[in-house]
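Asker: Just my_file.tsv, nothing more (TSV, C-alpha atoms):
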chain	number	residue	atom	x	y	z
A	1	MET	CA	74.21	76.52	138.64
A	2	SER	CA	75.82	77.51	135.33
A	3	ALA	CA	73.64	78.04	132.29
A	4	ILE	CA	73.86	75.43	129.53
A	5	GLU	CA	73.98	76.40	125.87
A	6	THR	CA	73.55	73.91	123.05
A	7	THR	CA	75.56	74.14	119.83
A	8	GLN	CA	76.35	71.61	117.15
A	9	ALA	CA	80.08	72.35	117.17
A	10	LEU	CA	82.14	74.07	119.84
A	11	VAL	CA	85.59	75.35	118.85
A	12	ILE	CA	87.97	75.94	121.75
A	13	GLY	CA	90.57	78.54	120.84
A	14	ALA	CA	90.40	81.52	118.48
A	15	GLY	CA	93.90	81.17	117.11
A	16	LEU	CA	94.61	80.44	113.48
A	17	SER	CA	93.58	76.76	113.74
A	18	GLY	CA	90.36	77.48	115.61
A	19	LEU	CA	89.36	80.28	113.25
A	20	ALA	CA	90.00	78.10	110.20
A	21	ALA	CA	87.95	75.26	111.70
A	22	ALA	CA	85.08	77.63	112.54
A	23	ARG	CA	85.05	78.95	109.00
A	24	GLU	CA	84.94	75.50	107.39
A	25	LEU	CA	82.25	74.21	109.78
A	26	THR	CA	80.09	77.29	109.22
A	27	ARG	CA	80.36	76.84	105.46
A	28	ARG	CA	78.70	73.47	105.88
A	29	GLY	CA	75.67	75.00	107.57
A	30	LEU	CA	76.58	74.01	111.11
A	31	GLN	CA	75.76	75.98	114.22
A	32	VAL	CA	79.22	76.86	115.54
A	33	THR	CA	80.40	78.66	118.67
A	34	VAL	CA	84.00	79.65	119.37
A	35	VAL	CA	85.30	80.21	122.90
A	36	GLU	CA	88.62	81.89	123.65
A	37	ALA	CA	90.28	82.19	127.06
A	38	ARG	CA	91.89	85.53	126.28
A	39	ASP	CA	90.12	88.85	125.87
A	40	ARG	CA	90.89	89.29	122.18
A	41	VAL	CA	92.15	87.42	119.17
A	42	ALA	CA	95.88	86.92	118.46
A	43	GLU	CA	96.98	87.67	122.02
A	44	PRO	CA	99.98	85.28	121.91
A	45	TRP	CA	101.22	86.98	118.74
A	46	ARG	CA	101.03	90.40	120.37
A	47	GLY	CA	103.36	89.20	123.09
A	48	ARG	CA	106.09	88.09	120.68
A	49	HIS	CA	109.08	90.32	120.15
A	50	PRO	CA	108.34	93.24	117.80
A	51	ALA	CA	110.93	92.30	115.18
A	52	LEU	CA	109.45	88.83	114.69
A	53	ARG	CA	108.75	87.59	111.17
A	54	LEU	CA	107.25	84.26	110.21
A	55	ASN	CA	109.83	81.76	109.00
A	56	ILE	CA	107.32	80.32	106.54
A	57	HIS	CA	106.85	81.93	103.14
A	58	ARG	CA	103.92	84.29	102.68
A	59	HIS	CA	102.50	81.88	100.09
A	60	PHE	CA	101.80	79.37	102.90
A	61	ALA	CA	100.64	81.93	105.49
A	62	SER	CA	96.94	82.16	104.64
A	63	LEU	CA	93.80	80.60	106.07
A	64	PRO	CA	90.86	79.41	103.95
A	65	GLY	CA	89.08	82.23	102.17
A	66	MET	CA	91.48	85.11	102.85
A	67	ALA	CA	94.86	85.71	101.25
A	68	MET	CA	97.71	87.09	103.32
A	69	THR	CA	98.87	90.55	102.33
A	70	ASP	CA	102.12	90.84	100.37
A	71	ARG	CA	103.14	94.14	101.98
A	72	ASP	CA	105.99	92.55	104.02
A	73	GLY	CA	107.66	90.65	101.20
A	74	HIS	CA	108.43	86.95	101.54
A	75	PHE	CA	108.20	86.69	105.35
A	76	VAL	CA	105.31	88.27	107.23
A	77	LYS	CA	105.84	90.55	110.24
A	78	ARG	CA	104.32	89.99	113.66
A	79	ASP	CA	101.97	92.96	113.50
A	80	THR	CA	100.75	91.89	110.07
A	81	VAL	CA	99.83	88.48	111.49
A	82	VAL	CA	97.86	90.20	114.26
A	83	ASP	CA	96.04	92.40	111.73
A	84	TYR	CA	95.29	89.38	109.57
A	85	LEU	CA	93.83	87.28	112.40
A	86	GLU	CA	91.76	90.19	113.69
A	87	SER	CA	90.33	90.71	110.20
A	88	TYR	CA	89.68	87.01	109.72
A	89	ALA	CA	87.82	86.74	113.03
A	90	ALA	CA	85.76	89.87	112.28
A	91	ALA	CA	84.68	88.49	108.91
A	92	LEU	CA	83.45	85.13	110.22
A	93	ASP	CA	79.73	84.45	110.57
A	94	THR	CA	80.44	82.78	113.89
A	95	PRO	CA	80.10	84.10	117.46
A	96	ILE	CA	83.37	84.26	119.41
A	97	ARG	CA	83.05	84.37	123.20
A	98	TYR	CA	86.15	85.88	124.79
A	99	GLY	CA	87.34	85.41	128.37
A	100	VAL	CA	85.96	81.86	128.48
A	101	GLU	CA	88.22	79.33	130.20
A	102	VAL	CA	87.42	75.65	129.76
A	103	THR	CA	87.42	73.74	133.05
A	104	GLY	CA	86.27	70.25	132.08
A	105	PHE	CA	84.99	67.72	129.53
A	106	GLU	CA	82.33	65.07	129.98
A	107	LYS	CA	80.93	62.54	127.52
A	108	THR	CA	77.17	62.64	127.10
A	109	ASP	CA	74.63	60.60	125.17
A	110	GLY	CA	74.57	63.28	122.49
A	111	GLY	CA	78.28	64.01	122.36
A	112	TRP	CA	80.13	66.21	124.86
A	113	ARG	CA	79.51	68.67	127.67
A	114	VAL	CA	82.23	71.29	128.05
A	115	THR	CA	82.27	73.21	131.33
A	116	THR	CA	83.74	76.69	131.56
A	117	ASN	CA	84.13	79.56	134.01
A	118	GLY	CA	80.76	80.79	132.76
A	119	THR	CA	78.29	79.11	130.44
A	120	ASN	CA	78.57	75.35	129.89
A	121	TYR	CA	78.11	73.87	126.42
A	122	ASP	CA	76.43	70.73	125.16
A	123	CYS	CA	77.61	69.85	121.67
A	124	SER	CA	77.80	66.97	119.24
A	125	HIS	CA	81.36	67.90	118.31
A	126	VAL	CA	84.09	69.75	120.15
A	127	ILE	CA	87.22	70.96	118.36
A	128	VAL	CA	90.23	71.61	120.58
A	129	ALA	CA	92.41	74.27	118.95
A	130	THR	CA	94.36	75.57	121.94
A	131	GLY	CA	97.71	74.85	120.29
A	132	ARG	CA	100.91	73.00	120.99
A	133	ASP	CA	102.61	76.15	122.29
A	134	ARG	CA	100.09	77.06	124.96
A	135	VAL	CA	102.31	76.69	128.05
A	136	PRO	CA	105.96	77.81	127.87
A	137	HIS	CA	108.18	75.17	129.46
A	138	ILE	CA	111.34	75.82	131.49
A	139	PRO	CA	113.03	72.67	132.85
A	140	ASP	CA	113.32	72.31	136.62
A	141	TRP	CA	117.10	72.48	136.70
A	142	PRO	CA	118.86	71.94	140.04
A	143	GLY	CA	119.50	75.25	141.78
A	144	LEU	CA	117.27	77.29	139.48
A	145	ASP	CA	115.29	78.79	142.37
A	146	ASP	CA	118.49	80.17	143.91
A	147	TYR	CA	119.78	81.80	140.75
A	148	GLN	CA	119.99	85.60	141.01
A	149	GLY	CA	120.19	86.41	137.29
A	150	GLU	CA	117.31	86.93	134.89
A	151	VAL	CA	115.69	83.79	133.46
A	152	LEU	CA	112.99	84.04	130.82
A	153	HIS	CA	111.36	81.88	128.20
A	154	ALA	CA	111.79	82.68	124.52
A	155	ALA	CA	108.05	83.38	124.36
A	156	ASP	CA	108.67	86.44	126.57
A	157	LEU	CA	111.69	87.73	124.67
A	158	GLY	CA	110.40	91.25	124.01
A	159	ASP	CA	112.64	93.90	122.48
A	160	VAL	CA	115.99	92.23	121.75
A	161	SER	CA	117.89	95.51	121.97
A	162	ARG	CA	117.60	95.35	125.75
A	163	PHE	CA	120.25	92.60	125.70
A	164	ASP	CA	122.88	94.90	124.22
A	165	ASP	CA	126.08	94.86	126.31
A	166	LYS	CA	124.80	91.91	128.36
A	167	ARG	CA	126.11	88.37	128.66
A	168	VAL	CA	123.41	86.06	127.35
A	169	LEU	CA	123.02	82.28	127.57
A	170	VAL	CA	120.51	80.82	125.11
A	171	VAL	CA	119.40	77.31	126.05
A	172	GLY	CA	118.23	75.45	122.96
A	173	ALA	CA	118.94	76.05	119.28
A	174	GLY	CA	115.83	74.61	117.66
A	175	ASN	CA	113.23	76.65	115.82
A	176	SER	CA	112.53	79.17	118.60
A	177	GLY	CA	116.15	79.21	119.78
A	178	ALA	CA	117.36	79.94	116.26
A	179	ASP	CA	114.87	82.81	116.03
A	180	VAL	CA	116.27	84.30	119.24
A	181	LEU	CA	119.84	83.85	118.00
A	182	ASN	CA	119.09	85.39	114.61
A	183	HIS	CA	117.84	88.54	116.34
A	184	LEU	CA	120.75	88.63	118.77
A	185	SER	CA	123.14	88.40	115.80
A	186	ARG	CA	121.78	91.76	114.60
A	187	HIS	CA	122.34	93.44	117.97
A	188	ARG	CA	125.25	94.01	120.34
A	189	PRO	CA	125.19	91.57	123.26
A	190	ALA	CA	128.52	91.51	125.11
A	191	ARG	CA	128.70	87.72	124.83
A	192	VAL	CA	126.41	84.90	123.73
A	193	TRP	CA	126.70	81.28	124.79
A	194	ILE	CA	124.49	78.57	123.28
A	195	ALA	CA	123.68	75.45	125.29
A	196	VAL	CA	122.18	72.49	123.44
A	197	ARG	CA	121.35	68.89	124.22
A	198	HIS	CA	120.53	67.64	120.72
A	199	GLY	CA	121.81	69.63	117.78
A	200	PRO	CA	119.12	70.87	115.37
A	201	ALA	CA	118.77	70.47	111.63
A	202	VAL	CA	119.67	73.92	110.30
A	203	VAL	CA	118.67	75.35	106.93
A	204	PRO	CA	119.29	78.82	105.49
A	205	ALA	CA	116.33	81.16	105.13
A	206	ARG	CA	117.51	82.02	101.61
A	207	ILE	CA	119.80	80.50	99.00
A	208	PHE	CA	121.24	83.07	96.61
A	209	GLY	CA	118.39	85.35	97.66
A	210	PHE	CA	115.68	82.76	96.99
A	211	PRO	CA	113.50	81.90	100.03
A	212	LEU	CA	114.00	78.18	100.57
A	213	HIS	CA	110.59	77.68	102.16
A	214	ARG	CA	108.90	78.55	98.89
A	215	LEU	CA	109.75	74.96	97.88
A	216	ALA	CA	107.83	73.43	100.81
A	217	ARG	CA	105.35	71.66	98.52
A	218	VAL	CA	108.27	69.96	96.79
A	219	PHE	CA	109.67	68.78	100.14
A	220	THR	CA	106.22	67.43	101.06
A	221	ALA	CA	106.04	65.37	97.86
A	222	LEU	CA	109.46	63.76	98.28
A	223	PRO	CA	110.19	60.67	100.42
A	224	LEU	CA	112.09	61.27	103.65
A	225	ALA	CA	114.88	59.05	102.33
A	226	VAL	CA	115.53	61.86	99.84
A	227	VAL	CA	114.58	64.88	101.97
A	228	ASP	CA	116.79	64.15	104.99
A	229	PRO	CA	120.07	63.77	103.05
A	230	ALA	CA	119.16	66.76	100.88
A	231	PHE	CA	118.80	69.00	103.91
A	232	ARG	CA	122.04	67.70	105.42
A	233	LEU	CA	123.82	68.54	102.18
A	234	THR	CA	122.18	71.97	102.02
A	235	GLN	CA	123.31	72.75	105.54
A	236	ARG	CA	126.88	71.69	104.81
A	237	LEU	CA	127.12	73.54	101.48
A	238	PHE	CA	125.63	76.84	102.56
A	239	LEU	CA	126.34	77.02	106.29
A	240	GLY	CA	129.54	75.04	106.58
A	241	ASN	CA	130.54	72.34	109.05
A	242	LEU	CA	128.86	73.71	112.18
A	243	ALA	CA	129.90	70.60	114.14
A	244	LYS	CA	133.47	71.94	113.98
A	245	PHE	CA	132.24	74.88	116.06
A	246	GLY	CA	130.33	72.70	118.54
A	247	LEU	CA	126.86	72.62	116.99
A	248	SER	CA	126.30	68.95	116.26
A	249	SER	CA	123.40	67.49	114.31
A	250	HIS	CA	120.83	65.05	115.60
A	251	PRO	CA	121.33	61.56	114.11
A	252	ASP	CA	117.78	61.61	112.75
A	253	GLY	CA	117.15	63.85	109.75
A	254	GLY	CA	115.34	67.16	109.96
A	255	GLY	CA	112.41	66.02	107.84
A	256	THR	CA	111.97	62.87	109.92
A	257	ARG	CA	111.98	64.82	113.17
A	258	LEU	CA	109.50	67.36	111.81
A	259	LEU	CA	106.93	64.82	110.63
A	260	ARG	CA	107.47	62.25	113.38
A	261	ASP	CA	108.02	64.45	116.43
A	262	GLY	CA	106.84	67.90	115.37
A	263	ILE	CA	110.35	69.35	115.86
A	264	ALA	CA	110.85	72.09	113.30
A	265	PHE	CA	114.05	73.03	111.52
A	266	ALA	CA	116.25	75.80	112.85
A	267	ILE	CA	116.12	78.55	110.22
A	268	ASP	CA	119.39	80.44	109.88
A	269	ASP	CA	119.18	84.16	109.18
A	270	GLY	CA	122.47	85.24	110.71
A	271	PHE	CA	123.22	83.04	113.72
A	272	ALA	CA	125.32	80.46	111.83
A	273	ALA	CA	127.76	83.16	110.75
A	274	ALA	CA	127.98	84.34	114.36
A	275	ILE	CA	128.89	80.79	115.41
A	276	ARG	CA	131.49	80.42	112.68
A	277	SER	CA	133.14	83.72	113.69
A	278	TYR	CA	133.12	82.67	117.37
A	279	ARG	CA	130.97	85.65	118.20
A	280	PHE	CA	128.52	83.08	119.57
A	281	ARG	CA	130.08	80.13	121.38
A	282	MET	CA	128.66	76.67	121.86
A	283	VAL	CA	128.75	75.14	125.33
A	284	GLY	CA	127.49	71.84	126.71
A	285	ASP	CA	124.02	71.00	127.91
A	286	VAL	CA	122.90	72.78	131.08
A	287	ALA	CA	123.42	70.72	134.24
A	288	GLY	CA	122.31	73.15	136.94
A	289	PHE	CA	122.36	76.61	138.47
A	290	ALA	CA	123.99	78.26	141.45
A	291	ARG	CA	123.45	81.73	142.88
A	292	ASP	CA	125.55	83.54	140.29
A	293	ARG	CA	126.43	80.95	137.66
A	294	VAL	CA	125.17	78.25	135.31
A	295	TYR	CA	126.91	74.88	135.06
A	296	VAL	CA	127.08	72.69	131.98
A	297	LYS	CA	127.59	68.96	131.95
A	298	ASP	CA	131.35	68.99	131.35
A	299	GLY	CA	131.81	70.85	134.63
A	300	LYS	CA	132.39	74.31	133.19
A	301	TYR	CA	130.32	77.24	134.37
A	302	PHE	CA	129.31	80.66	133.10
A	303	ALA	CA	127.96	83.84	134.65
A	304	PRO	CA	125.35	85.21	132.25
A	305	ASP	CA	123.27	88.28	132.99
A	306	VAL	CA	120.32	86.71	131.20
A	307	VAL	CA	119.31	83.11	130.48
A	308	ILE	CA	116.86	82.76	127.58
A	309	CYS	CA	115.17	79.36	127.61
A	310	ALA	CA	114.18	78.18	124.14
A	311	THR	CA	113.12	74.93	125.75
A	312	GLY	CA	109.77	74.29	124.17
A	313	TYR	CA	106.16	74.31	125.26
A	314	ARG	CA	103.50	72.05	126.70
A	315	THR	CA	99.87	71.76	125.62
A	316	GLY	CA	98.44	71.94	129.13
A	317	LEU	CA	95.74	69.44	128.14
A	318	GLY	CA	96.59	66.69	130.61
A	319	PRO	CA	94.31	67.81	133.49
A	320	LEU	CA	91.38	68.29	131.13
A	321	LEU	CA	91.64	65.35	128.74
A	322	GLY	CA	94.21	62.91	130.07
A	323	ARG	CA	91.62	60.45	131.41
A	324	PHE	CA	90.13	59.90	127.95
A	325	GLY	CA	93.32	58.33	126.56
A	326	VAL	CA	93.59	60.92	123.77
A	327	LEU	CA	97.07	62.20	124.71
A	328	ASP	CA	100.50	60.65	124.33
A	329	GLY	CA	103.27	60.55	126.95
A	330	GLN	CA	104.23	64.16	126.15
A	331	GLY	CA	100.68	65.41	126.69
A	332	GLU	CA	100.07	65.93	122.98
A	333	PRO	CA	97.04	64.64	121.07
A	334	ARG	CA	97.40	61.23	119.46
A	335	HIS	CA	95.36	62.57	116.52
A	336	PRO	CA	96.82	66.09	116.16
A	337	ARG	CA	95.89	67.00	112.58
A	338	GLY	CA	92.11	66.80	112.56
A	339	GLU	CA	91.92	63.02	112.25
A	340	ALA	CA	88.86	61.23	113.63
A	341	ASP	CA	89.35	59.29	116.87
A	342	PRO	CA	87.16	56.17	116.80
A	343	GLU	CA	87.45	55.80	120.59
A	344	ASN	CA	86.22	59.34	121.22
A	345	PRO	CA	83.77	60.29	118.48
A	346	GLY	CA	83.04	63.98	118.26
A	347	LEU	CA	86.37	65.06	119.80
A	348	TRP	CA	88.82	66.66	117.36
A	349	PHE	CA	92.21	68.34	117.63
A	350	THR	CA	93.83	70.87	115.32
A	351	GLY	CA	96.91	73.08	115.54
A	352	PHE	CA	99.14	70.56	117.29
A	353	ARG	CA	101.31	69.41	114.41
A	354	SER	CA	102.44	70.98	111.14
A	355	GLY	CA	104.44	69.82	108.15
A	356	PHE	CA	106.88	71.38	105.72
A	357	THR	CA	104.40	74.10	104.75
A	358	GLY	CA	103.86	75.33	108.34
A	359	TYR	CA	100.98	75.87	110.75
A	360	PHE	CA	98.75	78.08	108.59
A	361	ASP	CA	98.56	75.49	105.84
A	362	ALA	CA	98.20	72.69	108.40
A	363	ALA	CA	95.30	74.61	109.95
A	364	ALA	CA	93.55	74.80	106.60
A	365	ILE	CA	94.03	71.09	105.90
A	366	ALA	CA	92.86	70.04	109.38
A	367	ALA	CA	89.85	72.39	109.22
A	368	ARG	CA	88.60	70.80	106.01
A	369	ARG	CA	89.24	67.32	107.38
A	370	ILE	CA	87.27	68.07	110.55
A	371	ALA	CA	84.42	69.75	108.68
A	372	ASP	CA	84.12	66.78	106.31
A	373	GLY	CA	84.06	64.39	109.27
A	374	VAL	CA	81.43	66.39	111.14
A	375	ALA	CA	79.29	66.73	108.01
A	376	THR	CA	79.38	62.97	107.56
A	377	ASP	CA	78.32	62.42	111.17
A	378	LEU	CA	75.50	64.98	111.11
A	379	PRO	CA	73.37	64.16	108.05
A	380	HIS	CA	71.29	67.34	108.37
A	381	THR	CA	74.27	69.52	107.41
A	382	VAL	CA	74.35	71.08	103.98
A	383	PRO	CA	77.05	70.59	101.34
A	384	ALA	CA	79.92	73.02	101.55
A	385	GLU	CA	79.19	76.32	99.92
A	386	SER	CA	81.32	77.48	97.06
A	387	ASP	CA	84.61	78.67	98.45
A	388	ARG	CA	83.41	82.20	99.18
A	389	LYS	CA	86.34	84.47	99.88
A	390	LEU	CA	86.32	86.49	103.07
A	391	PRO	CA	87.00	90.21	102.61
A	392	ASN	CA	90.71	90.70	102.04
A	393	ALA	CA	91.12	92.61	105.29
A	394	GLY	CA	94.75	92.26	106.22
A	395	THR	CA	95.14	95.78	107.56
A	396	ARG	CA	93.50	97.87	110.26
A	397	ALA	CA	91.93	100.12	107.63
A	398	ASN	CA	90.35	97.17	105.85
A	399	ARG	CA	89.12	95.78	109.17
A	400	SER	CA	87.06	98.94	109.60
A	401	MET	CA	85.40	98.27	106.25
A	402	VAL	CA	84.64	94.68	107.31
A	403	THR	CA	83.04	95.95	110.52
A	404	ALA	CA	80.98	98.52	108.67
A	405	ALA	CA	79.79	95.91	106.17
A	406	ARG	CA	78.59	93.75	109.07
A	407	GLY	CA	76.81	96.59	110.78
A	408	GLY	CA	79.32	97.07	113.61
A	409	GLU	CA	80.55	94.65	116.24
Please lay out the structure from this file as structure tokens.
Answerer:
Amino acid sequence: MSAIETTQALVIGAGLSGLAAARELTRRGLQVTVVEARDRVAEPWRGRHPALRLNIHRHFASLPGMAMTDRDGHFVKRDTVVDYLESYAAALDTPIRYGVEVTGFEKTDGGWRVTTNGTNYDCSHVIVATGRDRVPHIPDWPGLDDYQGEVLHAADLGDVSRFDDKRVLVVGAGNSGADVLNHLSRHRPARVWIAVRHGPAVVPARIFGFPLHRLARVFTALPLAVVDPAFRLTQRLFLGNLAKFGLSSHPDGGGTRLLRDGIAFAIDDGFAAAIRSYRFRMVGDVAGFARDRVYVKDGKYFAPDVVICATGYRTGLGPLLGRFGVLDGQGEPRHPRGEADPENPGLWFTGFRSGFTGYFDAAAIAARRIADGVATDLPHTVPAESDRKLPNAGTRANRSMVTAARGGE
């Protein structure tokens, strides 16, 4: 029989949303435990391709109490994100248990019991911070199992230079698809086809050298009736009429889709020019596969060496939480931003939806919202401490100083 440990708040996931929630809960005097399925923090970030940079401005890429380093300029590199999250986790006054996989949830008289592959946990509050992008999704296209070429998800892209001199089909041109295409535009693939079902809202990373995302707070303050047309106009003025080259736009505006559906903008940093020059060619939506080719819905087919699927992710929460009625038809939380669920008190979600400012800022907002809600429910908590800054440990060298200050790990 598994041991049972009691904690006031259990945070599931040591990504940016889970770490932010743990920090805010701890500041309110709560007993907090964090469990993480992987063996170390920031594991998904380590698996991203090495040239990755955030497409949100550095100004919005910090968690509560620790500023992001400015060493990378406007847009932070992958390895800097890893360093930052490692430092943030090391500086928390909260135990993090690695290698812990959650296997079930049960309601109890006092809150929730969470079962795992090891210790089980009884807690008043459980915060699910496993993320919207937990399970890479590749559609079950007809004939896919018989296809002899390479098929991979954008999450497993790796070093983009390995696609030099290869024929590449990218399926999807949303946020992750645009990131793939931006990197391909700086390399030498023999040919690139882009298959899309619904065209994305595309915005340039910079306008006259100014990073557009720096204005995210302005976009947040404006009504969608203003934001959507403004982004359409921006796309047309600075990127041209991409529909003329086969990249249509969704009838709903980019801001509407972001806030309503969680579908982020496609950020152009080179791929639009490749489309306009016909270096990258648009094709129809994928219909199916054969042994040596990929068919699109107008009947044409192509013979790529590699198919990169920028086809989204799934939360993977259905088997664990579906019976509680907390998920929508897509398997995503109905209360994704740290909102209280009156039907399931003590169960919180964070990291499943962002806004114009991106996931770091959304994590901070949700963390404070959850901590305030938990503090209200548990009257023996203390008021939030002054906003003590964590050590600014955004580099490996600074992490060593954090560890030394805490007496080792």
Asker: Could you tell me how far CA of Ser176 in chain A sits from CA of Gly355 in chain A, in Å to one decimal place?
Answerer: 16.2 Å
Asker: Grab the CA of Leu242 in chain A to CA of Ile56 in chain A distance for me, in Å with one decimal place.
Answerer: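 That distance, rounded to one decimal, is 23.2 Å.
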Asker: I'd like the contact shell of Arg134 in chain A - 8 Å cut-off, all atoms listed in the file, skipping same-chain residues fewer than 3 positions apart - returned as a list in words.
Answerer: Thr130, Gly131, Tyr313, Arg314, Thr315 and Gly316 of chain A
Asker: If we count all atoms listed in the file and set the cut-off at 12 Å, which residues sit around Asn55 in chain A, ignoring sequence neighbours fewer than 3 positions away in its own chain? Please answer as a PDB file with C-alpha atoms, keeping the file's coordinate frame.
Answerer:
ATOM      1  CA  LEU A  52     109.450  88.830 114.690  1.00  0.00           C
ATOM      2  CA  ARG A  58     103.920  84.290 102.680  1.00  0.00           C
ATOM      3  CA  HIS A  59     102.500  81.880 100.090  1.00  0.00           C
ATOM      4  CA  PHE A  60     101.800  79.370 102.900  1.00  0.00           C
ATOM      5  CA  ALA A  61     100.640  81.930 105.490  1.00  0.00           C
ATOM      6  CA  HIS A  74     108.430  86.950 101.540  1.00  0.00           C
ATOM      7  CA  PHE A  75     108.200  86.690 105.350  1.00  0.00           C
ATOM      8  CA  VAL A  76     105.310  88.270 107.230  1.00  0.00           C
ATOM      9  CA  LYS A  77     105.840  90.550 110.240  1.00  0.00           C
ATOM     10  CA  ARG A  78     104.320  89.990 113.660  1.00  0.00           C
ATOM     11  CA  ASN A 175     113.230  76.650 115.820  1.00  0.00           C
ATOM     12  CA  SER A 176     112.530  79.170 118.600  1.00  0.00           C
ATOM     13  CA  ALA A 178     117.360  79.940 116.260  1.00  0.00           C
ATOM     14  CA  ASP A 179     114.870  82.810 116.030  1.00  0.00           C
ATOM     15  CA  ASN A 182     119.090  85.390 114.610  1.00  0.00           C
ATOM     16  CA  VAL A 203     118.670  75.350 106.930  1.00  0.00           C
ATOM     17  CA  PRO A 204     119.290  78.820 105.490  1.00  0.00           C
ATOM     18  CA  ALA A 205     116.330  81.160 105.130  1.00  0.00           C
ATOM     19  CA  ARG A 206     117.510  82.020 101.610  1.00  0.00           C
ATOM     20  CA  PRO A 211     113.500  81.900 100.030  1.00  0.00           C
ATOM     21  CA  LEU A 212     114.000  78.180 100.570  1.00  0.00           C
ATOM     22  CA  HIS A 213     110.590  77.680 102.160  1.00  0.00           C
ATOM     23  CA  ARG A 214     108.900  78.550  98.890  1.00  0.00           C
ATOM     24  CA  ALA A 216     107.830  73.430 100.810  1.00  0.00           C
ATOM     25  CA  ALA A 264     110.850  72.090 113.300  1.00  0.00           C
ATOM     26  CA  PHE A 265     114.050  73.030 111.520  1.00  0.00           C
ATOM     27  CA  ALA A 266     116.250  75.800 112.850  1.00  0.00           C
ATOM     28  CA  ILE A 267     116.120  78.550 110.220  1.00  0.00           C
ATOM     29  CA  ASP A 268     119.390  80.440 109.880  1.00  0.00           C
ATOM     30  CA  ASP A 269     119.180  84.160 109.180  1.00  0.00           C
ATOM     31  CA  PHE A 356     106.880  71.380 105.720  1.00  0.00           C
ATOM     32  CA  THR A 357     104.400  74.100 104.750  1.00  0.00           C
ATOM     33  CA  GLY A 358     103.860  75.330 108.340  1.00  0.00           C
ATOM     34  CA  TYR A 359     100.980  75.870 110.750  1.00  0.00           C
ATOM     35  CA  PHE A 360      98.750  78.080 108.590  1.00  0.00           C
TER      36      PHE A 360
END
Asker: Name the closest residue to Glu24 in chain A among the candidates A:Ala42, A:Leu237, A:Gly65, A:Gly346; distances are taken between atoms, counting all atoms listed in the file.
Answerer: A:Gly65
